[in-house]
Amino acid sequence: MQSGFASEIDRRFMAAAIRYSRWHLGLTGTNPSVATLIVRDDGAGPRIVGRGVTALGGRPHAEREALEEAGEAARGAVAYVTLEPCAHHGRTPPCATALITAGITRVVGAASDPDPRVSGKGYAMLRQAGIEVVEGVLADQAADLMSGYLTRSTKMRPEVILKLAISADGMIGIKGQGQIWITGEVARRQVHLMRAEADAILVGINTALADDPLLTCRLPGLEVRSPTRIVLDRHMRLPPSSALVRSARQVPLLVTAAQDAHDERRALLTEAGVRFLAVESLDAHIALPELLEDIGARGFMTLLVEGGAITARQFLAEGLVDRLCLFIGSTEIGGQGIAAPIDPGQMSSGFSKLREERFGEDHYIEYVRSG
Ligand code: AOF
Ligand code: ZN
């Protein structure tokens, strides 16, 4: 069995591969967005001869795309893969076999794959073929971008990302008012980027009624990456005239309604292109774990929850938030404000801080659930 050590150059190429894997986030169905770089050194220093990222819809896999670009240059080269190469015969033969056949002599891998058809087997196949394998290089960074895939594989539900924009005095809105601006333009663009990378986005009916949001990605050039929109709407109160329903033919819209809700409204919404997710209720609330299971079964790996207060509180109270993204504005709202469901100054021990940044005037803190 061959194994080796990672060099500083390995870490640099892996960091580049991880950045590249971000390219197809939200676009690969139930497959993770993986990247591969094929790098060779003919004496003048290492250079990239092939790049691949998991294709739209999830196939071909990243390794195949990269090997195709490299062609004969793959012989004797190093492959940097952000996920262990697959070992199973799916619709295509295993990527481990493709790397072996192409004459790759060294594989540097980041995250390991929980898929039982792959887990450990991909690296074992490479080693058996005499390829030097280094595992786990920048594994945490790679896994962070694949967290949706990893959550869905292990918990059978999507990763829940709760995004909250909070004023300097801890409010997320003003009572009785629709959308108000808590954060500035740079932060707002960042939120649209999060939408582009998510598989689905969810709001409660109160937010849908008060704000009449579109919930699409409106960054120039990235409009096509808008996620599927989901509204928690047990009594089917979403009006056909809402921005969400009017855009349902362009960007998918799912409404979660109880089976017995309003037949006439159901027909109107169906006519407008809306689809439904049947839900169970528990104490007048939608049963979230069952709903998440259903959303996961439909192939969604990441679910961005964008509000409002009641919905956010319910996800938090049921321990269903995996990642918490707080955008903290610099202005105060005052007494008419709706209090945020959490206090950034007093985070519960269930979360640990992953990163902190500044977006224009606003402060950004991202937490992940610990354990
Ligand atoms: C790779 N490279 O780029 C990705 C992989 O249904 P299939 O045949 O496409 O296989 C899906 C599994 O392949 C998925 O569960 C995960 O284990 C792996 N994803 N593997 O070698 C890739 N996206
Ligand atoms: Zn593969």
# chains A, B, ... in the order shown; residues from 1 in each chain; ligands from 1
$ residues_near_ligand --ligand "ligand 2" --cutoff "8 Å" --atoms "only C-alpha atoms and all ligand atoms" --output "list of chain:residue names"
A:Pro60, A:His61, A:Ala62, A:Glu63, A:Arg64, A:Pro85, A:Cys86, A:Ala87, A:His88, A:Thr92, A:Pro93, A:Pro94, A:Cys95, A:Ala96
$ closest_atom_pairs --of "range 146-242 of chain A" --to "range 114-123 of chain A" --cutoff "8 Å" --atoms "only C-alpha atoms" --output "JSON lines"
{"residue": "A:Leu150", "atom": "CA", "partner": "A:Pro114", "partner_atom": "CA", "distance": 7.2}
{"residue": "A:Ser153", "atom": "CA", "partner": "A:Pro114", "partner_atom": "CA", "distance": 6.9}
{"residue": "A:Thr154", "atom": "CA", "partner": "A:Pro114", "partner_atom": "CA", "distance": 7.4}
$ write_last_selection --atoms "N, CA, C and O atoms" --output "mmCIF file, in the first residue's frame"
data_model
loop_
_atom_site.group_PDB
_atom_site.id
_atom_site.type_symbol
_atom_site.label_atom_id
_atom_site.label_comp_id
_atom_site.auth_asym_id
_atom_site.auth_seq_id
_atom_site.Cartn_x
_atom_site.Cartn_y
_atom_site.Cartn_z
ATOM 1 N N LEU A 150 -23.203 15.870 2.287
ATOM 2 C CA LEU A 150 -22.854 15.038 3.446
ATOM 3 C C LEU A 150 -24.037 14.934 4.406
ATOM 4 O O LEU A 150 -24.318 13.856 4.945
ATOM 5 N N SER A 153 -26.657 12.623 2.878
ATOM 6 C CA SER A 153 -26.230 11.219 2.895
ATOM 7 C C SER A 153 -26.345 10.616 4.286
ATOM 8 O O SER A 153 -26.661 9.445 4.429
ATOM 9 N N THR A 154 -26.064 11.418 5.320
ATOM 10 C CA THR A 154 -26.019 10.825 6.654
ATOM 11 C C THR A 154 -27.331 11.008 7.426
ATOM 12 O O THR A 154 -27.695 10.171 8.233
#
$ closest_residue --among "A:Gln250, A:Gly204, A:Gly345, A:Arg59" --to "Val224 in chain A" --atoms "only C-alpha atoms"
A:Gln250
$ residues_around --residues "Ala287 in chain A" --least-positions-apart "3" --cutoff "12 Å" --atoms "only C-alpha atoms" --output "ChimeraX atom specification"
/A:232,234,256-258,278-284,290-294,311,314-315,318,320
$ closest_residue --among "A:Leu209, A:Ala312, A:Leu164, A:Val49" --to "Arg237 in chain A" --atoms "only C-alpha atoms"
A:Leu209
$ closest_residue --among "A:Ala73, A:Leu162, A:Leu304, A:Met236" --to "Val321 in chain A" --atoms "only C-alpha atoms"
A:Leu162
$ select_by_dssp --residues "range 41-194 of chain A" --states "helix (DSSP H, G or I)" --output "short mmCIF file (atom, residue, chain, number, x, y, z; two decimals) with all heavy atoms, in the first residue's frame"
data_model
loop_
_atom_site.label_atom_id
_atom_site.label_comp_id
_atom_site.auth_asym_id
_atom_site.auth_seq_id
_atom_site.Cartn_x
_atom_site.Cartn_y
_atom_site.Cartn_z
N LEU A 56 -23.42 19.58 -14.78
CA LEU A 56 -24.78 19.97 -14.41
C LEU A 56 -25.66 18.72 -14.30
O LEU A 56 -25.61 17.85 -15.17
CB LEU A 56 -25.36 20.93 -15.46
CG LEU A 56 -24.57 22.21 -15.70
CD1 LEU A 56 -25.31 23.14 -16.66
CD2 LEU A 56 -24.29 22.93 -14.38
N GLY A 57 -26.43 18.63 -13.24
CA GLY A 57 -27.27 17.46 -13.03
C GLY A 57 -26.54 16.34 -12.32
O GLY A 57 -27.14 15.36 -11.91
N GLY A 58 -25.20 16.43 -12.20
CA GLY A 58 -24.45 15.44 -11.41
C GLY A 58 -23.57 14.48 -12.20
O GLY A 58 -22.77 13.76 -11.61
N ALA A 62 -16.46 14.75 -11.91
CA ALA A 62 -15.37 15.71 -12.11
C ALA A 62 -14.12 15.07 -12.73
O ALA A 62 -13.48 15.65 -13.61
CB ALA A 62 -15.01 16.31 -10.75
N GLU A 63 -13.77 13.86 -12.26
CA GLU A 63 -12.56 13.20 -12.73
C GLU A 63 -12.58 13.00 -14.23
O GLU A 63 -11.60 13.21 -14.93
CB GLU A 63 -12.39 11.83 -12.04
CG GLU A 63 -12.09 11.91 -10.55
CD GLU A 63 -13.34 12.05 -9.69
OE1 GLU A 63 -14.40 12.47 -10.21
OE2 GLU A 63 -13.26 11.75 -8.49
N ARG A 64 -13.76 12.57 -14.73
CA ARG A 64 -13.88 12.31 -16.18
C ARG A 64 -13.71 13.58 -16.97
O ARG A 64 -13.05 13.58 -18.02
CB ARG A 64 -15.26 11.72 -16.50
CG ARG A 64 -15.39 10.42 -15.89
CD ARG A 64 -16.41 9.51 -16.54
NE ARG A 64 -16.11 8.24 -15.98
CZ ARG A 64 -15.34 7.33 -16.57
NH1 ARG A 64 -14.87 7.52 -17.78
NH2 ARG A 64 -15.06 6.21 -15.96
N GLU A 65 -14.31 14.64 -16.50
CA GLU A 65 -14.20 15.93 -17.21
C GLU A 65 -12.73 16.35 -17.28
O GLU A 65 -12.24 16.79 -18.30
CB GLU A 65 -15.01 17.00 -16.48
CG GLU A 65 -16.49 16.69 -16.33
CD GLU A 65 -17.29 17.09 -17.56
OE1 GLU A 65 -17.40 16.25 -18.47
OE2 GLU A 65 -17.79 18.22 -17.58
N ALA A 66 -12.03 16.22 -16.14
CA ALA A 66 -10.64 16.66 -16.07
C ALA A 66 -9.74 15.78 -16.94
O ALA A 66 -8.86 16.27 -17.64
CB ALA A 66 -10.16 16.64 -14.62
N LEU A 67 -9.98 14.46 -16.89
CA LEU A 67 -9.14 13.54 -17.68
C LEU A 67 -9.35 13.77 -19.17
O LEU A 67 -8.42 13.70 -19.96
CB LEU A 67 -9.47 12.08 -17.32
CG LEU A 67 -8.99 11.61 -15.95
CD1 LEU A 67 -9.55 10.23 -15.62
CD2 LEU A 67 -7.46 11.60 -15.87
N GLU A 68 -10.58 14.09 -19.53
CA GLU A 68 -10.86 14.34 -20.94
C GLU A 68 -10.09 15.56 -21.42
O GLU A 68 -9.50 15.56 -22.50
CB GLU A 68 -12.36 14.52 -21.15
CG GLU A 68 -12.71 14.45 -22.61
CD GLU A 68 -14.20 14.51 -22.82
OE1 GLU A 68 -14.91 13.74 -22.17
OE2 GLU A 68 -14.63 15.35 -23.63
N GLU A 69 -10.07 16.59 -20.58
CA GLU A 69 -9.34 17.80 -20.98
C GLU A 69 -7.83 17.52 -21.05
O GLU A 69 -7.14 18.01 -21.93
CB GLU A 69 -9.61 18.93 -19.99
CG GLU A 69 -9.07 20.26 -20.47
CD GLU A 69 -9.47 21.42 -19.58
OE1 GLU A 69 -10.53 22.01 -19.83
OE2 GLU A 69 -8.73 21.72 -18.62
N ALA A 70 -7.33 16.71 -20.11
CA ALA A 70 -5.88 16.45 -20.07
C ALA A 70 -5.44 15.54 -21.21
O ALA A 70 -4.33 15.67 -21.72
CB ALA A 70 -5.51 15.83 -18.73
N GLY A 71 -6.28 14.61 -21.63
CA GLY A 71 -5.90 13.67 -22.68
C GLY A 71 -4.64 12.90 -22.30
O GLY A 71 -4.49 12.46 -21.15
N GLU A 72 -3.71 12.80 -23.22
CA GLU A 72 -2.47 12.04 -22.99
C GLU A 72 -1.60 12.66 -21.89
O GLU A 72 -0.77 11.99 -21.28
CB GLU A 72 -1.67 11.91 -24.29
CG GLU A 72 -1.96 10.64 -25.06
CD GLU A 72 -1.88 9.37 -24.19
OE1 GLU A 72 -0.80 9.09 -23.66
OE2 GLU A 72 -2.91 8.66 -24.04
N ALA A 73 -1.81 13.96 -21.65
CA ALA A 73 -1.00 14.65 -20.63
C ALA A 73 -1.27 14.13 -19.22
O ALA A 73 -0.54 14.44 -18.28
CB ALA A 73 -1.26 16.16 -20.69
N ALA A 74 -2.34 13.31 -19.08
CA ALA A 74 -2.64 12.76 -17.75
C ALA A 74 -1.63 11.67 -17.34
O ALA A 74 -1.47 11.39 -16.16
CB ALA A 74 -4.05 12.18 -17.74
N CYS A 95 -14.72 6.26 -11.29
CA CYS A 95 -13.69 7.26 -11.57
C CYS A 95 -12.31 6.73 -11.17
O CYS A 95 -11.31 7.10 -11.76
CB CYS A 95 -13.98 8.56 -10.82
SG CYS A 95 -15.37 9.44 -11.53
N ALA A 96 -12.26 5.88 -10.13
CA ALA A 96 -10.96 5.32 -9.73
C ALA A 96 -10.36 4.57 -10.91
O ALA A 96 -9.18 4.72 -11.23
CB ALA A 96 -11.14 4.41 -8.52
N THR A 97 -11.18 3.79 -11.61
CA THR A 97 -10.71 3.06 -12.79
C THR A 97 -10.24 4.03 -13.87
O THR A 97 -9.20 3.81 -14.51
CB THR A 97 -11.85 2.17 -13.36
OG1 THR A 97 -12.39 1.41 -12.29
CG2 THR A 97 -11.36 1.26 -14.46
N ALA A 98 -11.00 5.09 -14.07
CA ALA A 98 -10.63 6.06 -15.11
C ALA A 98 -9.28 6.69 -14.80
O ALA A 98 -8.46 6.89 -15.71
CB ALA A 98 -11.72 7.14 -15.21
N LEU A 99 -9.01 6.97 -13.52
CA LEU A 99 -7.72 7.58 -13.15
C LEU A 99 -6.58 6.59 -13.39
O LEU A 99 -5.52 6.95 -13.89
CB LEU A 99 -7.74 8.01 -11.67
CG LEU A 99 -8.68 9.18 -11.33
CD1 LEU A 99 -8.90 9.28 -9.82
CD2 LEU A 99 -8.12 10.51 -11.85
N ILE A 100 -6.84 5.31 -13.06
CA ILE A 100 -5.82 4.27 -13.24
C ILE A 100 -5.52 4.11 -14.74
O ILE A 100 -4.36 4.15 -15.17
CB ILE A 100 -6.30 2.92 -12.64
CG1 ILE A 100 -6.47 3.06 -11.12
CG2 ILE A 100 -5.35 1.80 -13.00
CD1 ILE A 100 -7.27 1.93 -10.46
N THR A 101 -6.57 3.97 -15.53
CA THR A 101 -6.40 3.75 -16.97
C THR A 101 -5.68 4.93 -17.63
O THR A 101 -4.91 4.74 -18.57
CB THR A 101 -7.80 3.57 -17.64
OG1 THR A 101 -8.53 2.65 -16.85
CG2 THR A 101 -7.69 3.07 -19.05
N LYS A 121 -13.28 2.61 -0.59
CA LYS A 121 -13.03 1.68 -1.70
C LYS A 121 -12.32 2.36 -2.86
O LYS A 121 -11.49 1.75 -3.54
CB LYS A 121 -14.35 1.08 -2.20
CG LYS A 121 -15.10 0.29 -1.13
CD LYS A 121 -16.29 -0.45 -1.74
CE LYS A 121 -17.08 -1.17 -0.67
NZ LYS A 121 -18.30 -0.45 -0.27
N GLY A 122 -12.63 3.65 -3.07
CA GLY A 122 -12.01 4.38 -4.18
C GLY A 122 -10.51 4.49 -3.97
O GLY A 122 -9.71 4.16 -4.87
N TYR A 123 -10.12 4.89 -2.76
CA TYR A 123 -8.68 5.02 -2.47
C TYR A 123 -8.01 3.65 -2.52
O TYR A 123 -6.88 3.52 -3.01
CB TYR A 123 -8.48 5.65 -1.09
CG TYR A 123 -8.84 7.13 -1.02
CD1 TYR A 123 -9.58 7.64 0.05
CD2 TYR A 123 -8.43 8.01 -2.03
CE1 TYR A 123 -9.89 8.99 0.12
CE2 TYR A 123 -8.74 9.37 -1.96
CZ TYR A 123 -9.47 9.86 -0.88
OH TYR A 123 -9.78 11.20 -0.82
N ALA A 124 -8.70 2.60 -2.03
CA ALA A 124 -8.11 1.26 -2.02
C ALA A 124 -7.83 0.78 -3.45
O ALA A 124 -6.77 0.22 -3.73
CB ALA A 124 -9.05 0.29 -1.30
N MET A 125 -8.77 1.05 -4.36
CA MET A 125 -8.55 0.63 -5.76
C MET A 125 -7.32 1.31 -6.33
O MET A 125 -6.53 0.68 -7.04
CB MET A 125 -9.77 1.03 -6.61
CG MET A 125 -10.92 0.06 -6.53
SD MET A 125 -12.39 0.72 -7.38
CE MET A 125 -11.88 0.62 -9.08
N LEU A 126 -7.16 2.61 -6.03
CA LEU A 126 -6.01 3.35 -6.56
C LEU A 126 -4.71 2.76 -6.02
O LEU A 126 -3.75 2.55 -6.75
CB LEU A 126 -6.12 4.84 -6.18
CG LEU A 126 -7.34 5.60 -6.75
CD1 LEU A 126 -7.47 6.96 -6.10
CD2 LEU A 126 -7.20 5.77 -8.27
N ARG A 127 -4.70 2.50 -4.73
CA ARG A 127 -3.47 1.96 -4.11
C ARG A 127 -3.11 0.60 -4.68
O ARG A 127 -1.96 0.30 -4.94
CB ARG A 127 -3.65 1.87 -2.59
CG ARG A 127 -3.63 3.24 -1.94
CD ARG A 127 -3.50 3.14 -0.43
NE ARG A 127 -3.32 4.45 0.15
CZ ARG A 127 -4.24 5.09 0.88
NH1 ARG A 127 -5.40 4.51 1.13
NH2 ARG A 127 -3.99 6.29 1.35
N GLN A 128 -4.17 -0.21 -4.86
CA GLN A 128 -3.91 -1.54 -5.42
C GLN A 128 -3.27 -1.47 -6.79
O GLN A 128 -2.51 -2.34 -7.18
CB GLN A 128 -5.22 -2.30 -5.55
CG GLN A 128 -5.39 -3.32 -4.43
CD GLN A 128 -6.85 -3.65 -4.24
OE1 GLN A 128 -7.63 -3.61 -5.19
NE2 GLN A 128 -7.23 -3.96 -3.01
N ALA A 139 -9.28 18.64 4.06
CA ALA A 139 -10.55 17.90 4.08
C ALA A 139 -11.70 18.74 4.66
O ALA A 139 -12.82 18.71 4.14
CB ALA A 139 -10.39 16.62 4.89
N ASP A 140 -11.42 19.52 5.70
CA ASP A 140 -12.51 20.30 6.32
C ASP A 140 -13.06 21.36 5.36
O ASP A 140 -14.27 21.56 5.27
CB ASP A 140 -12.01 21.00 7.60
CG ASP A 140 -11.76 19.99 8.70
OD1 ASP A 140 -12.13 18.82 8.51
OD2 ASP A 140 -11.20 20.38 9.74
N GLN A 141 -12.14 22.00 4.64
CA GLN A 141 -12.59 23.02 3.68
C GLN A 141 -13.41 22.41 2.56
O GLN A 141 -14.42 22.96 2.13
CB GLN A 141 -11.39 23.73 3.05
CG GLN A 141 -10.70 24.69 3.99
CD GLN A 141 -9.53 25.35 3.29
OE1 GLN A 141 -9.58 25.66 2.10
NE2 GLN A 141 -8.45 25.55 4.02
N ALA A 142 -12.97 21.25 2.06
CA ALA A 142 -13.71 20.59 0.99
C ALA A 142 -15.07 20.13 1.50
O ALA A 142 -16.11 20.33 0.86
CB ALA A 142 -12.92 19.40 0.45
N ALA A 143 -15.08 19.56 2.71
CA ALA A 143 -16.33 19.04 3.27
C ALA A 143 -17.31 20.19 3.55
O ALA A 143 -18.52 20.02 3.42
CB ALA A 143 -16.05 18.26 4.56
N ASP A 144 -16.78 21.36 3.90
CA ASP A 144 -17.65 22.50 4.17
C ASP A 144 -18.48 22.85 2.94
O ASP A 144 -19.68 23.14 3.04
CB ASP A 144 -16.79 23.70 4.61
CG ASP A 144 -17.65 24.85 5.08
OD1 ASP A 144 -18.60 24.58 5.84
OD2 ASP A 144 -17.38 26.00 4.69
N LEU A 145 -17.87 22.78 1.75
CA LEU A 145 -18.62 23.09 0.52
C LEU A 145 -19.54 21.94 0.11
O LEU A 145 -20.44 22.13 -0.68
CB LEU A 145 -17.66 23.41 -0.62
CG LEU A 145 -16.95 24.76 -0.53
CD1 LEU A 145 -16.09 24.98 -1.77
CD2 LEU A 145 -17.94 25.90 -0.40
N SER A 147 -21.24 20.20 2.37
CA SER A 147 -21.99 19.86 3.58
C SER A 147 -23.43 19.45 3.26
O SER A 147 -24.01 18.63 3.98
CB SER A 147 -21.95 21.02 4.57
OG SER A 147 -22.28 22.20 3.90
N GLY A 148 -24.00 20.01 2.19
CA GLY A 148 -25.36 19.62 1.81
C GLY A 148 -25.40 18.14 1.45
O GLY A 148 -26.24 17.37 1.94
N TYR A 149 -24.47 17.73 0.61
CA TYR A 149 -24.39 16.32 0.20
C TYR A 149 -24.14 15.43 1.42
O TYR A 149 -24.78 14.39 1.60
CB TYR A 149 -23.27 16.15 -0.83
CG TYR A 149 -22.89 14.71 -1.06
CD1 TYR A 149 -23.73 13.86 -1.78
CD2 TYR A 149 -21.71 14.19 -0.54
CE1 TYR A 149 -23.40 12.54 -1.99
CE2 TYR A 149 -21.37 12.87 -0.75
CZ TYR A 149 -22.22 12.04 -1.46
OH TYR A 149 -21.88 10.73 -1.65
N LEU A 150 -23.20 15.87 2.29
CA LEU A 150 -22.85 15.04 3.45
C LEU A 150 -24.04 14.93 4.41
O LEU A 150 -24.32 13.86 4.95
CB LEU A 150 -21.63 15.63 4.16
CG LEU A 150 -20.35 15.69 3.29
CD1 LEU A 150 -19.23 16.43 3.99
CD2 LEU A 150 -19.89 14.28 2.89
N THR A 151 -24.77 16.03 4.60
CA THR A 151 -25.93 15.99 5.50
C THR A 151 -27.01 15.08 4.93
O THR A 151 -27.58 14.25 5.64
CB THR A 151 -26.51 17.41 5.69
OG1 THR A 151 -25.47 18.27 6.12
CG2 THR A 151 -27.64 17.43 6.71
N ARG A 152 -27.28 15.22 3.64
CA ARG A 152 -28.33 14.41 3.04
C ARG A 152 -27.96 12.92 3.08
O ARG A 152 -28.81 12.07 3.32
CB ARG A 152 -28.60 14.86 1.60
CG ARG A 152 -29.77 14.14 0.95
CD ARG A 152 -30.09 14.73 -0.41
NE ARG A 152 -31.10 13.94 -1.08
CZ ARG A 152 -30.83 12.85 -1.80
NH1 ARG A 152 -29.59 12.42 -1.91
NH2 ARG A 152 -31.81 12.19 -2.39
N SER A 153 -26.66 12.62 2.88
CA SER A 153 -26.23 11.22 2.89
C SER A 153 -26.35 10.62 4.29
O SER A 153 -26.66 9.45 4.43
CB SER A 153 -24.77 11.08 2.47
OG SER A 153 -24.56 11.69 1.24
N THR A 154 -26.06 11.42 5.32
CA THR A 154 -26.02 10.82 6.65
C THR A 154 -27.33 11.01 7.43
O THR A 154 -27.69 10.17 8.23
CB THR A 154 -24.86 11.42 7.48
OG1 THR A 154 -24.94 12.84 7.43
CG2 THR A 154 -23.50 11.00 6.93
N LYS A 155 -28.04 12.14 7.18
CA LYS A 155 -29.26 12.40 7.95
C LYS A 155 -30.54 12.25 7.14
O LYS A 155 -31.64 12.46 7.67
CB LYS A 155 -29.22 13.82 8.52
CG LYS A 155 -28.08 14.05 9.51
CD LYS A 155 -28.19 15.42 10.14
CE LYS A 155 -27.06 15.64 11.13
NZ LYS A 155 -26.97 17.04 11.55
N GLU A 185 -26.04 47.08 0.47
CA GLU A 185 -26.00 46.46 -0.85
C GLU A 185 -25.02 45.28 -0.93
O GLU A 185 -25.34 44.24 -1.51
CB GLU A 185 -25.60 47.57 -1.84
CG GLU A 185 -25.70 47.20 -3.29
CD GLU A 185 -27.06 46.63 -3.69
OE1 GLU A 185 -28.10 47.03 -3.11
OE2 GLU A 185 -27.07 45.73 -4.57
N VAL A 186 -23.86 45.41 -0.33
CA VAL A 186 -22.86 44.34 -0.44
C VAL A 186 -23.38 43.07 0.22
O VAL A 186 -23.29 41.97 -0.32
CB VAL A 186 -21.51 44.77 0.19
CG1 VAL A 186 -20.46 43.67 0.04
CG2 VAL A 186 -21.02 46.07 -0.43
N ALA A 187 -23.98 43.22 1.41
CA ALA A 187 -24.53 42.07 2.12
C ALA A 187 -25.68 41.46 1.34
O ALA A 187 -25.83 40.23 1.26
CB ALA A 187 -25.01 42.48 3.51
N ARG A 188 -26.49 42.31 0.73
CA ARG A 188 -27.63 41.80 -0.02
C ARG A 188 -27.16 40.97 -1.21
O ARG A 188 -27.72 39.93 -1.54
CB ARG A 188 -28.51 42.95 -0.51
CG ARG A 188 -29.87 42.90 0.15
CD ARG A 188 -30.69 44.09 -0.19
NE ARG A 188 -30.30 45.23 0.62
CZ ARG A 188 -30.33 46.49 0.21
NH1 ARG A 188 -30.72 46.79 -1.01
NH2 ARG A 188 -29.99 47.45 1.02
N ARG A 189 -26.08 41.42 -1.85
CA ARG A 189 -25.54 40.62 -2.97
C ARG A 189 -25.02 39.29 -2.47
O ARG A 189 -25.13 38.27 -3.14
CB ARG A 189 -24.40 41.38 -3.65
CG ARG A 189 -24.95 42.49 -4.47
CD ARG A 189 -23.94 42.94 -5.48
NE ARG A 189 -24.39 44.24 -5.94
CZ ARG A 189 -23.61 45.25 -6.21
NH1 ARG A 189 -22.32 45.10 -6.13
NH2 ARG A 189 -24.12 46.39 -6.60
N GLN A 190 -24.44 39.31 -1.29
CA GLN A 190 -23.93 38.09 -0.70
C GLN A 190 -25.07 37.09 -0.49
O GLN A 190 -24.92 35.89 -0.73
CB GLN A 190 -23.23 38.43 0.62
CG GLN A 190 -22.29 37.38 1.13
CD GLN A 190 -21.16 37.06 0.17
OE1 GLN A 190 -20.72 37.92 -0.58
NE2 GLN A 190 -20.71 35.82 0.19
N VAL A 191 -26.21 37.60 -0.06
CA VAL A 191 -27.38 36.73 0.14
C VAL A 191 -27.82 36.13 -1.20
O VAL A 191 -28.17 34.95 -1.28
CB VAL A 191 -28.54 37.51 0.80
CG1 VAL A 191 -29.82 36.68 0.80
CG2 VAL A 191 -28.15 37.92 2.22
N HIS A 192 -27.75 36.94 -2.25
CA HIS A 192 -28.13 36.41 -3.56
C HIS A 192 -27.16 35.32 -4.02
O HIS A 192 -27.55 34.36 -4.68
CB HIS A 192 -28.24 37.54 -4.59
CG HIS A 192 -29.55 38.26 -4.48
ND1 HIS A 192 -30.51 38.24 -5.47
CD2 HIS A 192 -30.08 38.97 -3.46
CE1 HIS A 192 -31.57 38.93 -5.07
NE2 HIS A 192 -31.33 39.39 -3.84
N LEU A 193 -25.89 35.46 -3.64
CA LEU A 193 -24.92 34.41 -3.95
C LEU A 193 -25.27 33.13 -3.19
O LEU A 193 -25.19 32.02 -3.73
CB LEU A 193 -23.52 34.90 -3.56
CG LEU A 193 -22.34 34.08 -4.05
CD1 LEU A 193 -22.35 33.98 -5.57
CD2 LEU A 193 -21.03 34.71 -3.59
N MET A 194 -25.69 33.29 -1.93
CA MET A 194 -26.12 32.11 -1.15
C MET A 194 -27.31 31.44 -1.84
O MET A 194 -27.40 30.21 -1.88
CB MET A 194 -26.51 32.52 0.27
CG MET A 194 -25.33 32.93 1.13
SD MET A 194 -25.86 33.62 2.72
CE MET A 194 -26.57 32.19 3.49
#
$ atom_distance --atom1 "CA of Ala339 in chain A" --atom2 "CA of Ile172 in chain A"
6.1 Å
$ closest_residue --among "A:Ala196, A:Val134, A:Val39, A:Ala129" --to "Leu27 in chain A" --atoms "only C-alpha atoms"
A:Ala196
$ closest_residue --among "A:Ile131, A:Ile9, A:Ala55, A:Ile201" --to "ligand 1" --atoms "only C-alpha atoms and all ligand atoms"
A:Ala55
$ atom_distance --atom1 "CA of Pro240 in chain A" --atom2 "CA of Ile295 in chain A"
23.2 Å
$ select_by_dssp --residues "range 60-114 of chain A" --states "strand (DSSP E or B)" --output "ChimeraX atom specification"
/A:78-83,106-111
$ atom_distance --atom1 "CA of Thr331 in chain A" --atom2 "CA of Gly176 in chain A"
19.2 Å
$ closest_residue --among "A:Met347, A:Ala340, A:Leu288, A:Val34" --to "Arg157 in chain A" --atoms "only C-alpha atoms"
A:Leu288
$ residues_around --residues "Ser167 in chain A" --least-positions-apart "5" --cutoff "12 Å" --atoms "only C-alpha atoms" --output "PyMOL selection string"
chain A and resi 172-174+180-184+326-334+337-340+343-344+361-364
